[in-house]
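S.K.: My structure file final-v4.cif, mmCIF, C-alpha atoms and all ligand atoms, is below:
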data_final
loop_
_atom_site.group_PDB
_atom_site.id
_atom_site.type_symbol
_atom_site.label_atom_id
_atom_site.label_comp_id
_atom_site.auth_asym_id
_atom_site.auth_seq_id
_atom_site.Cartn_x
_atom_site.Cartn_y
_atom_site.Cartn_z
ATOM 1 C CA MET Q 1 0.000 0.000 0.000
ATOM 2 C CA LEU Q 2 1.259 3.469 -0.850
ATOM 3 C CA ASP Q 3 0.717 6.367 1.524
ATOM 4 C CA LYS Q 4 -0.905 9.614 0.366
ATOM 5 C CA THR Q 5 2.450 11.278 -0.408
ATOM 6 C CA GLU Q 6 3.595 8.316 -2.497
ATOM 7 C CA GLU Q 7 0.263 8.359 -4.373
ATOM 8 C CA ILE Q 8 0.852 12.019 -5.251
ATOM 9 C CA GLU Q 9 4.466 11.357 -6.249
ATOM 10 C CA LEU Q 10 3.368 8.460 -8.446
ATOM 11 C CA LYS Q 11 0.780 10.609 -10.253
ATOM 12 C CA LEU Q 12 3.375 13.339 -10.814
ATOM 13 C CA LEU Q 13 5.875 10.776 -12.092
ATOM 14 C CA LEU Q 14 3.378 9.429 -14.656
ATOM 15 C CA GLU Q 15 2.643 12.999 -15.747
ATOM 16 C CA ALA Q 16 6.384 13.723 -16.064
ATOM 17 C CA ILE Q 17 6.956 10.588 -18.191
ATOM 18 C CA TYR Q 18 4.076 11.658 -20.424
ATOM 19 C CA GLN Q 19 5.215 15.287 -20.748
ATOM 20 C CA LYS Q 20 8.842 14.363 -21.407
ATOM 21 C CA TYR Q 21 8.547 11.170 -23.506
ATOM 22 C CA GLN Q 22 4.881 11.042 -24.631
ATOM 23 C CA TYR Q 23 4.492 7.574 -23.129
ATOM 24 C CA ASP Q 24 1.087 7.736 -21.530
ATOM 25 C CA PHE Q 25 0.712 5.310 -18.611
ATOM 26 C CA ARG Q 26 -1.791 7.567 -16.817
ATOM 27 C CA GLY Q 27 -4.748 5.325 -17.673
ATOM 28 C CA TYR Q 28 -3.133 2.005 -16.794
ATOM 29 C CA SER Q 29 -4.680 -0.032 -14.012
ATOM 30 C CA PRO Q 30 -3.400 1.475 -10.740
ATOM 31 C CA GLY Q 31 -2.308 -1.854 -9.192
ATOM 32 C CA ALA Q 32 -0.256 -2.896 -12.231
ATOM 33 C CA ILE Q 33 1.422 0.460 -12.788
ATOM 34 C CA LYS Q 34 2.275 0.790 -9.082
ATOM 35 C CA ARG Q 35 4.014 -2.604 -9.177
ATOM 36 C CA ARG Q 36 5.988 -1.703 -12.295
ATOM 37 C CA LEU Q 37 7.033 1.721 -11.005
ATOM 38 C CA THR Q 38 8.106 0.224 -7.689
ATOM 39 C CA LEU Q 39 10.291 -2.210 -9.645
ATOM 40 C CA ALA Q 40 11.768 0.676 -11.657
ATOM 41 C CA LYS Q 41 12.389 2.683 -8.476
ATOM 42 C CA GLU Q 42 14.317 -0.236 -6.965
ATOM 43 C CA HIS Q 43 16.137 -0.979 -10.218
ATOM 44 C CA PHE Q 44 17.456 2.591 -10.438
ATOM 45 C CA ASP Q 45 18.243 2.669 -6.718
ATOM 46 C CA CYS Q 46 15.899 5.576 -6.082
ATOM 47 C CA ARG Q 47 14.494 6.084 -2.602
ATOM 48 C CA SER Q 48 11.240 7.647 -3.803
ATOM 49 C CA PHE Q 49 9.097 8.123 -6.902
ATOM 50 C CA SER Q 50 10.183 11.776 -6.862
ATOM 51 C CA MET Q 51 13.820 10.684 -7.153
ATOM 52 C CA LEU Q 52 12.883 8.441 -10.055
ATOM 53 C CA GLN Q 53 11.048 11.363 -11.655
ATOM 54 C CA GLU Q 54 14.139 13.546 -11.310
ATOM 55 C CA LYS Q 55 16.284 10.810 -12.877
ATOM 56 C CA LEU Q 56 13.973 10.267 -15.838
ATOM 57 C CA LEU Q 57 13.596 13.999 -16.460
ATOM 58 C CA ARG Q 58 17.351 14.694 -16.318
ATOM 59 C CA GLU Q 59 18.723 11.497 -17.860
ATOM 60 C CA PRO Q 60 16.944 10.603 -21.105
ATOM 61 C CA SER Q 61 19.414 7.713 -21.543
ATOM 62 C CA ALA Q 62 17.585 5.929 -18.671
ATOM 63 C CA ALA Q 63 14.249 6.105 -20.498
ATOM 64 C CA PRO Q 64 14.506 2.960 -22.676
ATOM 65 C CA GLU Q 65 15.429 0.866 -19.631
ATOM 66 C CA ALA Q 66 12.536 2.401 -17.686
ATOM 67 C CA LEU Q 67 10.150 1.636 -20.554
ATOM 68 C CA ASP Q 68 11.289 -1.986 -20.473
ATOM 69 C CA LEU Q 69 10.488 -2.124 -16.760
ATOM 70 C CA LEU Q 70 7.095 -0.448 -17.185
ATOM 71 C CA THR Q 71 5.877 -2.748 -19.967
ATOM 72 C CA VAL Q 72 5.481 -6.397 -19.040
ATOM 73 C CA GLN Q 73 7.254 -8.508 -21.661
ATOM 74 C CA VAL Q 74 6.181 -12.016 -20.630
ATOM 75 C CA SER Q 75 5.173 -14.062 -23.666
ATOM 76 C CA GLU Q 76 5.388 -17.477 -25.324
ATOM 77 C CA MET Q 77 4.834 -18.882 -28.758
ATOM 78 C CA PHE Q 78 1.373 -20.460 -29.003
ATOM 79 C CA ARG Q 79 0.688 -19.194 -25.460
ATOM 80 C CA ASP Q 80 -2.595 -20.803 -24.314
ATOM 81 C CA PRO Q 81 -2.544 -23.462 -27.061
ATOM 82 C CA SER Q 82 -6.329 -23.902 -26.866
ATOM 83 C CA TYR Q 83 -6.737 -20.310 -28.147
ATOM 84 C CA PHE Q 84 -4.674 -21.139 -31.243
ATOM 85 C CA ARG Q 85 -6.526 -24.438 -31.648
ATOM 86 C CA ALA Q 86 -9.836 -22.549 -31.622
ATOM 87 C CA LEU Q 87 -8.516 -20.107 -34.224
ATOM 88 C CA ARG Q 88 -7.352 -23.034 -36.352
ATOM 89 C CA GLU Q 89 -10.550 -25.056 -36.094
ATOM 90 C CA LYS Q 90 -13.244 -22.384 -35.859
ATOM 91 C CA VAL Q 91 -11.969 -19.072 -37.245
ATOM 92 C CA ILE Q 92 -9.697 -20.187 -40.104
ATOM 93 C CA PRO Q 93 -12.575 -21.834 -42.058
ATOM 94 C CA HIS Q 94 -14.257 -18.370 -42.213
ATOM 95 C CA LEU Q 95 -11.021 -16.585 -43.080
ATOM 96 C CA LYS Q 96 -10.512 -19.020 -45.973
ATOM 97 C CA THR Q 97 -13.459 -17.374 -47.743
ATOM 98 C CA TYR Q 98 -11.553 -14.039 -48.073
ATOM 99 C CA PRO Q 99 -9.282 -13.381 -51.078
ATOM 100 C CA SER Q 100 -6.903 -11.307 -48.938
ATOM 101 C CA LEU Q 101 -6.433 -10.944 -45.207
ATOM 102 C CA LYS Q 102 -5.033 -8.440 -42.741
ATOM 103 C CA VAL Q 103 -4.147 -9.562 -39.227
ATOM 104 C CA TRP Q 104 -3.316 -7.020 -36.517
ATOM 105 C CA VAL Q 105 -1.388 -8.271 -33.482
ATOM 106 C CA ALA Q 106 -1.753 -5.368 -31.052
ATOM 107 C CA GLY Q 107 0.815 -5.394 -28.215
ATOM 108 C CA CYS Q 108 2.945 -7.958 -30.043
ATOM 109 C CA GLY Q 109 5.988 -7.555 -27.756
ATOM 110 C CA ALA Q 110 8.992 -9.474 -29.094
ATOM 111 C CA GLY Q 111 6.862 -11.201 -31.725
ATOM 112 C CA GLU Q 112 6.046 -14.596 -30.202
ATOM 113 C CA GLU Q 113 2.312 -14.219 -30.843
ATOM 114 C CA LEU Q 114 2.771 -12.924 -34.383
ATOM 115 C CA TYR Q 115 5.161 -15.750 -35.356
ATOM 116 C CA SER Q 116 2.678 -18.248 -33.897
ATOM 117 C CA LEU Q 117 -0.028 -16.833 -36.162
ATOM 118 C CA ALA Q 118 2.314 -16.731 -39.163
ATOM 119 C CA ILE Q 119 3.113 -20.440 -38.631
ATOM 120 C CA LEU Q 120 -0.551 -21.296 -38.129
ATOM 121 C CA PHE Q 121 -1.573 -19.400 -41.285
ATOM 122 C CA ARG Q 122 1.197 -21.146 -43.250
ATOM 123 C CA GLU Q 123 0.042 -24.542 -42.022
ATOM 124 C CA GLU Q 124 -3.525 -23.707 -42.999
ATOM 125 C CA GLY Q 125 -2.573 -22.466 -46.481
ATOM 126 C CA LEU Q 126 -3.442 -18.807 -45.837
ATOM 127 C CA GLU Q 127 0.012 -17.272 -45.628
ATOM 128 C CA ALA Q 128 0.280 -16.083 -49.220
ATOM 129 C CA ARG Q 129 -2.862 -13.952 -48.966
ATOM 130 C CA THR Q 130 -2.172 -12.495 -45.508
ATOM 131 C CA MET Q 131 -0.406 -9.378 -44.250
ATOM 132 C CA PHE Q 132 0.481 -9.301 -40.547
ATOM 133 C CA TYR Q 133 0.803 -6.039 -38.631
ATOM 134 C CA GLY Q 134 2.566 -6.281 -35.276
ATOM 135 C CA THR Q 135 2.384 -3.164 -33.102
ATOM 136 C CA ASP Q 136 3.714 -2.238 -29.677
ATOM 137 C CA ILE Q 137 5.001 0.781 -27.750
ATOM 138 C CA ASN Q 138 8.215 -0.966 -26.729
ATOM 139 C CA THR Q 139 10.653 -0.324 -29.569
ATOM 140 C CA SER Q 140 13.355 -2.660 -28.241
ATOM 141 C CA ALA Q 141 10.773 -5.475 -28.180
ATOM 142 C CA LEU Q 142 9.818 -4.578 -31.763
ATOM 143 C CA LYS Q 143 13.489 -4.902 -32.810
ATOM 144 C CA LYS Q 144 13.574 -8.388 -31.282
ATOM 145 C CA ALA Q 145 10.369 -9.214 -33.127
ATOM 146 C CA GLU Q 146 11.937 -8.130 -36.400
ATOM 147 C CA ALA Q 147 14.985 -10.297 -35.721
ATOM 148 C CA GLY Q 148 12.875 -13.371 -34.865
ATOM 149 C CA VAL Q 149 15.590 -14.889 -32.658
ATOM 150 C CA TYR Q 150 14.673 -16.602 -29.358
ATOM 151 C CA GLU Q 151 16.802 -18.308 -26.699
ATOM 152 C CA MET Q 152 17.078 -22.043 -27.268
ATOM 153 C CA GLU Q 153 15.896 -22.749 -23.670
ATOM 154 C CA ARG Q 154 12.461 -21.426 -24.616
ATOM 155 C CA ILE Q 155 12.039 -23.770 -27.576
ATOM 156 C CA PRO Q 156 10.826 -26.928 -25.727
ATOM 157 C CA LEU Q 157 7.887 -24.937 -24.297
ATOM 158 C CA PHE Q 158 7.132 -23.341 -27.682
ATOM 159 C CA THR Q 159 7.266 -26.805 -29.282
ATOM 160 C CA ARG Q 160 4.851 -28.307 -26.745
ATOM 161 C CA ASN Q 161 2.466 -25.378 -27.168
ATOM 162 C CA HIS Q 162 2.604 -25.682 -30.952
ATOM 163 C CA GLN Q 163 1.746 -29.387 -30.785
ATOM 164 C CA ARG Q 164 -1.118 -28.712 -28.376
ATOM 165 C CA SER Q 165 -2.466 -26.016 -30.662
ATOM 166 C CA GLY Q 166 -2.921 -28.702 -33.338
ATOM 167 C CA GLY Q 167 0.319 -27.895 -35.194
ATOM 168 C CA ARG Q 168 0.495 -29.793 -38.470
ATOM 169 C CA SER Q 169 4.283 -29.935 -38.647
ATOM 170 C CA SER Q 170 7.274 -29.835 -36.361
ATOM 171 C CA LEU Q 171 8.229 -26.428 -34.941
ATOM 172 C CA SER Q 172 11.837 -27.262 -35.858
ATOM 173 C CA ASP Q 173 10.810 -26.859 -39.522
ATOM 174 C CA TYR Q 174 10.588 -23.109 -38.868
ATOM 175 C CA TYR Q 175 13.940 -22.286 -37.245
ATOM 176 C CA THR Q 176 17.611 -23.077 -37.368
ATOM 177 C CA ALA Q 177 19.792 -23.325 -34.280
ATOM 178 C CA ALA Q 178 22.765 -20.961 -34.059
ATOM 179 C CA HIS Q 179 24.884 -19.985 -31.033
ATOM 180 C CA GLY Q 180 22.362 -21.161 -28.454
ATOM 181 C CA ALA Q 181 19.461 -19.433 -30.174
ATOM 182 C CA ALA Q 182 16.650 -20.383 -32.526
ATOM 183 C CA VAL Q 183 16.609 -18.171 -35.605
ATOM 184 C CA PHE Q 184 13.158 -18.241 -37.143
ATOM 185 C CA ASP Q 185 12.801 -18.550 -40.882
ATOM 186 C CA LYS Q 186 12.926 -15.094 -42.510
ATOM 187 C CA THR Q 187 10.131 -16.018 -44.889
ATOM 188 C CA LEU Q 188 7.760 -16.135 -41.894
ATOM 189 C CA ARG Q 189 8.156 -12.384 -41.505
ATOM 190 C CA SER Q 190 8.249 -11.510 -45.192
ATOM 191 C CA ARG Q 191 4.556 -10.681 -44.896
ATOM 192 C CA ALA Q 192 4.864 -8.944 -41.521
ATOM 193 C CA VAL Q 193 5.278 -5.275 -40.696
ATOM 194 C CA PHE Q 194 6.241 -4.269 -37.158
ATOM 195 C CA SER Q 195 5.554 -0.743 -35.996
ATOM 196 C CA ASP Q 196 5.515 1.549 -33.013
ATOM 197 C CA HIS Q 197 1.850 2.171 -32.180
ATOM 198 C CA SER Q 198 0.103 2.910 -28.902
ATOM 199 C CA LEU Q 199 -3.398 1.748 -28.116
ATOM 200 C CA VAL Q 200 -3.622 4.767 -25.794
ATOM 201 C CA SER Q 201 -3.011 7.533 -28.298
ATOM 202 C CA ASP Q 202 -2.750 6.283 -31.880
ATOM 203 C CA SER Q 203 -5.452 5.664 -34.435
ATOM 204 C CA VAL Q 204 -6.860 2.700 -36.183
ATOM 205 C CA PHE Q 205 -5.614 0.106 -38.708
ATOM 206 C CA ALA Q 206 -8.086 -0.200 -41.554
ATOM 207 C CA GLU Q 207 -10.137 -3.244 -42.582
ATOM 208 C CA THR Q 208 -8.606 -6.134 -40.693
ATOM 209 C CA GLN Q 209 -10.110 -9.620 -40.566
ATOM 210 C CA LEU Q 210 -8.467 -10.671 -37.301
ATOM 211 C CA VAL Q 211 -7.260 -8.595 -34.373
ATOM 212 C CA SER Q 212 -5.344 -10.575 -31.770
ATOM 213 C CA CYS Q 213 -4.683 -8.479 -28.677
ATOM 214 C CA ARG Q 214 -3.717 -10.761 -25.834
ATOM 215 C CA ASN Q 215 -2.555 -9.880 -22.335
ATOM 216 C CA VAL Q 216 -2.473 -6.143 -22.965
ATOM 217 C CA LEU Q 217 -5.939 -4.878 -21.877
ATOM 218 C CA ILE Q 218 -5.312 -6.445 -18.492
ATOM 219 C CA TYR Q 219 -2.874 -3.579 -17.756
ATOM 220 C CA PHE Q 220 -5.389 -0.835 -18.670
ATOM 221 C CA ASP Q 221 -8.124 0.777 -16.596
ATOM 222 C CA ARG Q 222 -11.742 0.512 -17.806
ATOM 223 C CA GLU Q 223 -11.698 3.732 -19.839
ATOM 224 C CA LEU Q 224 -8.508 2.808 -21.656
ATOM 225 C CA GLN Q 225 -9.808 -0.703 -22.317
ATOM 226 C CA ASP Q 226 -12.874 0.911 -23.909
ATOM 227 C CA ARG Q 227 -10.657 3.078 -26.094
ATOM 228 C CA ALA Q 228 -8.666 0.061 -27.294
ATOM 229 C CA VAL Q 229 -11.779 -2.038 -27.944
ATOM 230 C CA CYS Q 230 -13.232 0.895 -29.916
ATOM 231 C CA LEU Q 231 -10.081 0.856 -32.091
ATOM 232 C CA PHE Q 232 -10.518 -2.890 -32.671
ATOM 233 C CA LYS Q 233 -14.196 -2.424 -33.526
ATOM 234 C CA ASP Q 234 -13.376 0.312 -36.059
ATOM 235 C CA SER Q 235 -10.484 -1.688 -37.478
ATOM 236 C CA LEU Q 236 -12.350 -4.944 -38.055
ATOM 237 C CA ALA Q 237 -14.345 -5.574 -41.203
ATOM 238 C CA ARG Q 238 -17.920 -6.732 -40.628
ATOM 239 C CA LYS Q 239 -18.273 -10.291 -39.292
ATOM 240 C CA CYS Q 240 -14.556 -10.481 -38.512
ATOM 241 C CA PHE Q 241 -12.740 -11.641 -35.400
ATOM 242 C CA LEU Q 242 -11.198 -10.333 -32.191
ATOM 243 C CA GLY Q 243 -9.142 -12.545 -29.861
ATOM 244 C CA LEU Q 244 -8.280 -11.499 -26.292
ATOM 245 C CA GLY Q 245 -6.133 -13.021 -23.538
ATOM 246 C CA ALA Q 246 -7.237 -15.638 -21.018
ATOM 247 C CA LYS Q 247 -7.956 -13.049 -18.288
ATOM 248 C CA GLU Q 248 -9.629 -10.495 -20.554
ATOM 249 C CA SER Q 249 -13.162 -10.150 -21.821
ATOM 250 C CA LEU Q 250 -15.646 -7.752 -23.383
ATOM 251 C CA ARG Q 251 -18.175 -8.400 -20.628
ATOM 252 C CA PHE Q 252 -17.937 -4.912 -19.108
ATOM 253 C CA SER Q 253 -16.950 -3.076 -22.267
ATOM 254 C CA ARG Q 254 -18.904 -0.086 -23.532
ATOM 255 C CA HIS Q 255 -18.586 -1.677 -27.006
ATOM 256 C CA ALA Q 256 -19.703 -5.184 -26.053
ATOM 257 C CA GLU Q 257 -22.902 -4.897 -28.111
ATOM 258 C CA ALA Q 258 -20.851 -4.495 -31.300
ATOM 259 C CA PHE Q 259 -19.589 -8.090 -30.890
ATOM 260 C CA THR Q 260 -20.951 -11.597 -30.382
ATOM 261 C CA GLU Q 261 -19.083 -14.295 -28.483
ATOM 262 C CA PHE Q 262 -17.739 -16.694 -31.089
ATOM 263 C CA VAL Q 263 -15.681 -19.085 -28.973
ATOM 264 C CA GLY Q 264 -16.577 -17.841 -25.502
ATOM 265 C CA GLU Q 265 -14.156 -19.967 -23.500
ATOM 266 C CA GLU Q 266 -11.220 -18.711 -25.610
ATOM 267 C CA ARG Q 267 -12.326 -15.044 -25.590
ATOM 268 C CA ILE Q 268 -12.758 -14.993 -29.373
ATOM 269 C CA TYR Q 269 -15.429 -12.525 -30.512
ATOM 270 C CA ARG Q 270 -16.999 -11.762 -33.845
ATOM 271 C CA LYS Q 271 -17.938 -8.255 -34.864
ATOM 272 C CA ASN Q 272 -21.617 -7.933 -35.667
ATOM 273 C CA GLY Q 273 -22.835 -7.400 -39.212
ATOM 274 C CA GLU Q 274 -24.264 -3.907 -38.954
ATOM 275 C CA ARG Q 275 -21.931 -0.942 -38.518
HETATM 276 C C1 LIG I 1 2.427 -9.233 -21.565
HETATM 277 S S1 LIG I 1 2.909 -8.606 -23.125
HETATM 278 C C2 LIG I 1 1.844 -9.534 -24.203
HETATM 279 C C3 LIG I 1 2.562 -10.045 -25.431
HETATM 280 C C4 LIG I 1 1.695 -10.936 -26.332
HETATM 281 N N1 LIG I 1 0.556 -10.219 -26.823
HETATM 282 C C5 LIG I 1 1.255 -12.192 -25.587
HETATM 283 O O1 LIG I 1 0.090 -12.296 -25.205
HETATM 284 O O2 LIG I 1 2.096 -13.067 -25.368
HETATM 285 C C6 LIG I 1 2.138 -6.980 -23.144
HETATM 286 C C7 LIG I 1 2.605 -6.119 -24.302
HETATM 287 O O3 LIG I 1 1.747 -4.967 -24.404
HETATM 288 C C8 LIG I 1 2.559 -3.882 -24.783
HETATM 289 N N2 LIG I 1 1.858 -2.631 -24.481
HETATM 290 C C9 LIG I 1 1.713 -2.020 -23.281
HETATM 291 N N3 LIG I 1 1.044 -0.865 -23.425
HETATM 292 C C10 LIG I 1 0.743 -0.744 -24.749
HETATM 293 C C11 LIG I 1 0.078 0.245 -25.523
HETATM 294 N N4 LIG I 1 -0.409 1.352 -24.960
HETATM 295 N N5 LIG I 1 -0.055 0.053 -26.862
HETATM 296 C C12 LIG I 1 0.468 -1.062 -27.438
HETATM 297 N N6 LIG I 1 1.115 -2.038 -26.760
HETATM 298 C C13 LIG I 1 1.264 -1.873 -25.428
HETATM 299 C C14 LIG I 1 3.823 -4.094 -23.964
HETATM 300 O O4 LIG I 1 4.920 -3.353 -24.453
HETATM 301 C C15 LIG I 1 4.011 -5.599 -24.104
HETATM 302 O O5 LIG I 1 4.793 -5.909 -25.221
#
Show this structure as C-alpha cells.

M.R.:
Amino acid sequence: MLDKTEEIELKLLLEAIYQKYQYDFRGYSPGAIKRRLTLAKEHFDCRSFSMLQEKLLREPSAAPEALDLLTVQVSEMFRDPSYFRALREKVIPHLKTYPSLKVWVAGCGAGEELYSLAILFREEGLEARTMFYGTDINTSALKKAEAGVYEMERIPLFTRNHQRSGGRSSLSDYYTAAHGAAVFDKTLRSRAVFSDHSLVSDSVFAETQLVSCRNVLIYFDRELQDRAVCLFKDSLARKCFLGLGAKESLRFSRHAEAFTEFVGEERIYRKNGER
C-alpha cells in the first residue's frame, strides 16, 4: 500500500513521463502500474518516486530501460494453445473465404504471438494472402520481433504449445539453431510489418479480418480498455474476429454490443454485421 504522499508522487511521475517522452501510462490499471514503477524505483536505486522522476527527467538515456520495466514482456509462442486451436478449427474456415487478409497483433511484444499466427496461417494455407501487422510501444521489443531470434531454452515450451495447438508440422521446420538461439525462418516475416503504435493515443488500422490483442488490456483501466476495444471495432471488417487473452473479456466493455461471443471460453469474438 502506498501512503498519500507516495500516491501524489506516483501521479506526478506518470505525468512527467508523459510530458517528457509522450508515453502515456496515466490510464493504466493502478495496481499494475504501481508494481511496475516500484520495480523501476528499486532498479534505479531511487528512494522515492520523486527521485525516479528527477532521474527520468534529467537522464533521457535511462528512459529505454525504464520503458522496459514499465511494460510487461512475458510471452510465449502459441501461449494458451487452446486459443490457437480454436482459431485453427473455428476461425480459419471463415477466413478461408476471403481473397486477402489483414491480421493485426496489437501489443505484439517481441513477436512470439505474431510468429505463432504466421506459422498457423502457413500450415492452414493462408500465408500467401495475408499481411500481418505487429504493433507495440516498446521499440526494443519490436526490434527483437523483427529479428525473430529466441533463446534455445524457450524452444521446448514453444514446441509443446505448438503441438497442443494442433500444429500440423514440427516447430523445428521453422527455425535453425545458431549460437544457443533459434533463428526463425525469414520467410515467416516476409509478410509482416512491425511498428511503433500505442493503443492509448494512436489511431486505427483499416479493414482487418483478425485482431489478436492478448494480455495487454489487463494492464489498462476501464476507460482505456474501452478506447482500445473501440479501435478494434473500427479496425475490423464486418463479421470479422477479435481474440483477447485468457484473463480479458468484453463483458464490461462499452462496445460489447458491437460483438458476439464466437468461442466464448477462448475469448474470441466476432464483430456484428451492422456498422
Ligand atoms: C504481456 S505482453 C503480451 C505479449 C503478447 N501479446 C502475448 O500475449 O504473449 C504486453 C505487451 O503490451 C505492450 N503494451 C503495453 N502498453 C501498450 C500500448 N499502450 N499500446 C500497445 N502495446 C502496449 C507491452 O509493451 C508488451 O509488449

S.K.: With distances taken over all atoms listed in the file, which of Q:Ser198, Q:Ser140, Q:Ser249, Q:Gln22 is nearest to ligand LIG 1 (chain I)?

M.R.: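 Among the listed residues, the smallest separation from ligand LIG 1 (chain I) belongs to Q:Ser198.
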
S.K.: Do you know which residues are at most 7 Å from stretch 151-158 of chain Q counting all atoms listed in the file, after dropping those on the same chain fewer than 6 positions away, and could you put them as a list of chain:residue names?

M.R.: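 The residues that qualify are Q:Glu76, Q:Met77, Q:Phe78, Q:Gly180, Q:Ala181, Q:Ala182.
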
S.K.: So, counting all atoms listed in the file, which residue among Q:Ser253, Q:Ser203, Q:Thr176, Q:Ser75 is closest to ligand LIG 1 (chain I)?

M.R.: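 For ligand LIG 1 (chain I), the nearest of the candidates is Q:Ser75.
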
S.K.: I'd like the residues picked by the PyMOL selection byres (((not hetatm)) within 6 of (chain I and resi 1)) written out as a PyMOL selection string, using the chain letters and numbers from the file.

M.R.: chain Q and resi 71-76+107-109+113+136-138+197-200+213-216

S.K.: Can I get the selected residues back with C-alpha atoms, as a PDB file, in the frame of the given file?

M.R.:
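Once everything was written out, this is selection37.pdb:
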ATOM      1  CA  THR Q  71       5.877  -2.748 -19.967  1.00  0.00           C
ATOM      2  CA  VAL Q  72       5.481  -6.397 -19.040  1.00  0.00           C
ATOM      3  CA  GLN Q  73       7.254  -8.508 -21.661  1.00  0.00           C
ATOM      4  CA  VAL Q  74       6.181 -12.016 -20.630  1.00  0.00           C
ATOM      5  CA  SER Q  75       5.173 -14.062 -23.666  1.00  0.00           C
ATOM      6  CA  GLU Q  76       5.388 -17.477 -25.324  1.00  0.00           C
ATOM      7  CA  GLY Q 107       0.815  -5.394 -28.215  1.00  0.00           C
ATOM      8  CA  CYS Q 108       2.945  -7.958 -30.043  1.00  0.00           C
ATOM      9  CA  GLY Q 109       5.988  -7.555 -27.756  1.00  0.00           C
ATOM     10  CA  GLU Q 113       2.312 -14.219 -30.843  1.00  0.00           C
ATOM     11  CA  ASP Q 136       3.714  -2.238 -29.677  1.00  0.00           C
ATOM     12  CA  ILE Q 137       5.001   0.781 -27.750  1.00  0.00           C
ATOM     13  CA  ASN Q 138       8.215  -0.966 -26.729  1.00  0.00           C
ATOM     14  CA  HIS Q 197       1.850   2.171 -32.180  1.00  0.00           C
ATOM     15  CA  SER Q 198       0.103   2.910 -28.902  1.00  0.00           C
ATOM     16  CA  LEU Q 199      -3.398   1.748 -28.116  1.00  0.00           C
ATOM     17  CA  VAL Q 200      -3.622   4.767 -25.794  1.00  0.00           C
ATOM     18  CA  CYS Q 213      -4.683  -8.479 -28.677  1.00  0.00           C
ATOM     19  CA  ARG Q 214      -3.717 -10.761 -25.834  1.00  0.00           C
ATOM     20  CA  ASN Q 215      -2.555  -9.880 -22.335  1.00  0.00           C
ATOM     21  CA  VAL Q 216      -2.473  -6.143 -22.965  1.00  0.00           C
TER      22      VAL Q 216
END

S.K.: Within 12 Å of stretch 120-123 of chain Q, which residues of stretch 173-268 of chain Q come that close, and what is the closest atom pair and distance in Å for each? Count all atoms listed in the file and give it as a Markdown table.

M.R.:
| residue | atom | partner | partner_atom | distance |
| --- | --- | --- | --- | --- |
| Q:Asp173 | CA | Q:Glu123 | CA | 11.3 |
| Q:Tyr174 | CA | Q:Arg122 | CA | 10.5 |
| Q:Thr187 | CA | Q:Arg122 | CA | 10.4 |
| Q:Leu188 | CA | Q:Arg122 | CA | 8.4 |
| Q:Arg189 | CA | Q:Arg122 | CA | 11.3 |
| Q:Arg191 | CA | Q:Arg122 | CA | 11.1 |
| Q:Leu210 | CA | Q:Phe121 | CA | 11.8 |

S.K.: Could you state the separation of atom CA of Q:Ser195 and atom CA of Q:Ala106 in Å, given to one decimal place?

M.R.: 10.0 Å

S.K.: Using only C-alpha atoms, what table do you get, as a Markdown table, when you list each residue of stretch 218-250 of chain Q with an atom no more than 12 Å from stretch 84-104 of chain Q, its nearest pair of atoms, and their distance in Å rounded to one decimal, rows by chain then rising number?

M.R.:
| residue | atom | partner | partner_atom | distance |
| --- | --- | --- | --- | --- |
| Q:Leu231 | CA | Q:Trp104 | CA | 11.3 |
| Q:Phe232 | CA | Q:Trp104 | CA | 9.1 |
| Q:Ser235 | CA | Q:Trp104 | CA | 9.0 |
| Q:Leu236 | CA | Q:Lys102 | CA | 9.4 |
| Q:Ala237 | CA | Q:Lys102 | CA | 9.9 |
| Q:Lys239 | CA | Q:His94 | CA | 9.5 |
| Q:Cys240 | CA | Q:Leu95 | CA | 8.4 |
| Q:Phe241 | CA | Q:Val91 | CA | 7.7 |
| Q:Leu242 | CA | Q:Trp104 | CA | 9.6 |
| Q:Gly243 | CA | Q:Leu87 | CA | 8.8 |
| Q:Leu244 | CA | Q:Phe84 | CA | 11.4 |
| Q:Gly245 | CA | Q:Phe84 | CA | 11.3 |
| Q:Ala246 | CA | Q:Phe84 | CA | 11.9 |

S.K.: Could you state which residues are captured by the PyMOL selection byres (((chain Q and resi 224) around 10) and not hetatm) in this file, as a JSON list (two decimals) with C-alpha atoms, keeping the file's coordinate frame?

M.R.:
[["chain", "number", "residue", "atom", "x", "y", "z"],
["Q", 26, "ARG", "CA", -1.79, 7.57, -16.82],
["Q", 27, "GLY", "CA", -4.75, 5.32, -17.67],
["Q", 28, "TYR", "CA", -3.13, 2.00, -16.79],
["Q", 29, "SER", "CA", -4.68, -0.03, -14.01],
["Q", 199, "LEU", "CA", -3.40, 1.75, -28.12],
["Q", 200, "VAL", "CA", -3.62, 4.77, -25.79],
["Q", 201, "SER", "CA", -3.01, 7.53, -28.30],
["Q", 217, "LEU", "CA", -5.94, -4.88, -21.88],
["Q", 219, "TYR", "CA", -2.87, -3.58, -17.76],
["Q", 220, "PHE", "CA", -5.39, -0.84, -18.67],
["Q", 221, "ASP", "CA", -8.12, 0.78, -16.60],
["Q", 222, "ARG", "CA", -11.74, 0.51, -17.81],
["Q", 223, "GLU", "CA", -11.70, 3.73, -19.84],
["Q", 225, "GLN", "CA", -9.81, -0.70, -22.32],
["Q", 226, "ASP", "CA", -12.87, 0.91, -23.91],
["Q", 227, "ARG", "CA", -10.66, 3.08, -26.09],
["Q", 228, "ALA", "CA", -8.67, 0.06, -27.29],
["Q", 229, "VAL", "CA", -11.78, -2.04, -27.94],
["Q", 230, "CYS", "CA", -13.23, 0.90, -29.92]]

S.K.: Check the smallest atom-to-atom distance from each of Q:Arg238, Q:Val263, Q:Gln53, Q:Ser165 to Q:Gln19 using all atoms listed in the file, then report the winner.

M.R.: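 Selected residue with least distance to Q:Gln19: Q:Gln53.
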
S.K.: So, counting only C-alpha atoms, which residue among Q:Ile17, Q:Ala256, Q:Met51, Q:Leu10 is closest to Q:Gly31?

M.R.: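 Under the stated criterion, the closest residue is Q:Leu10.
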
S.K.: Atom CA of Q:Leu37 to atom CA of Q:Arg58: how many Å, to one decimal?

M.R.: 17.4 Å

S.K.: Between Q:Ala32, Q:Leu56, Q:Ala40, Q:Ile268, single out the one closest to Q:Ala16, counting only C-alpha atoms.

M.R.: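 When distances to Q:Ala16 are compared using only C-alpha atoms, the smallest one comes from Q:Leu56.
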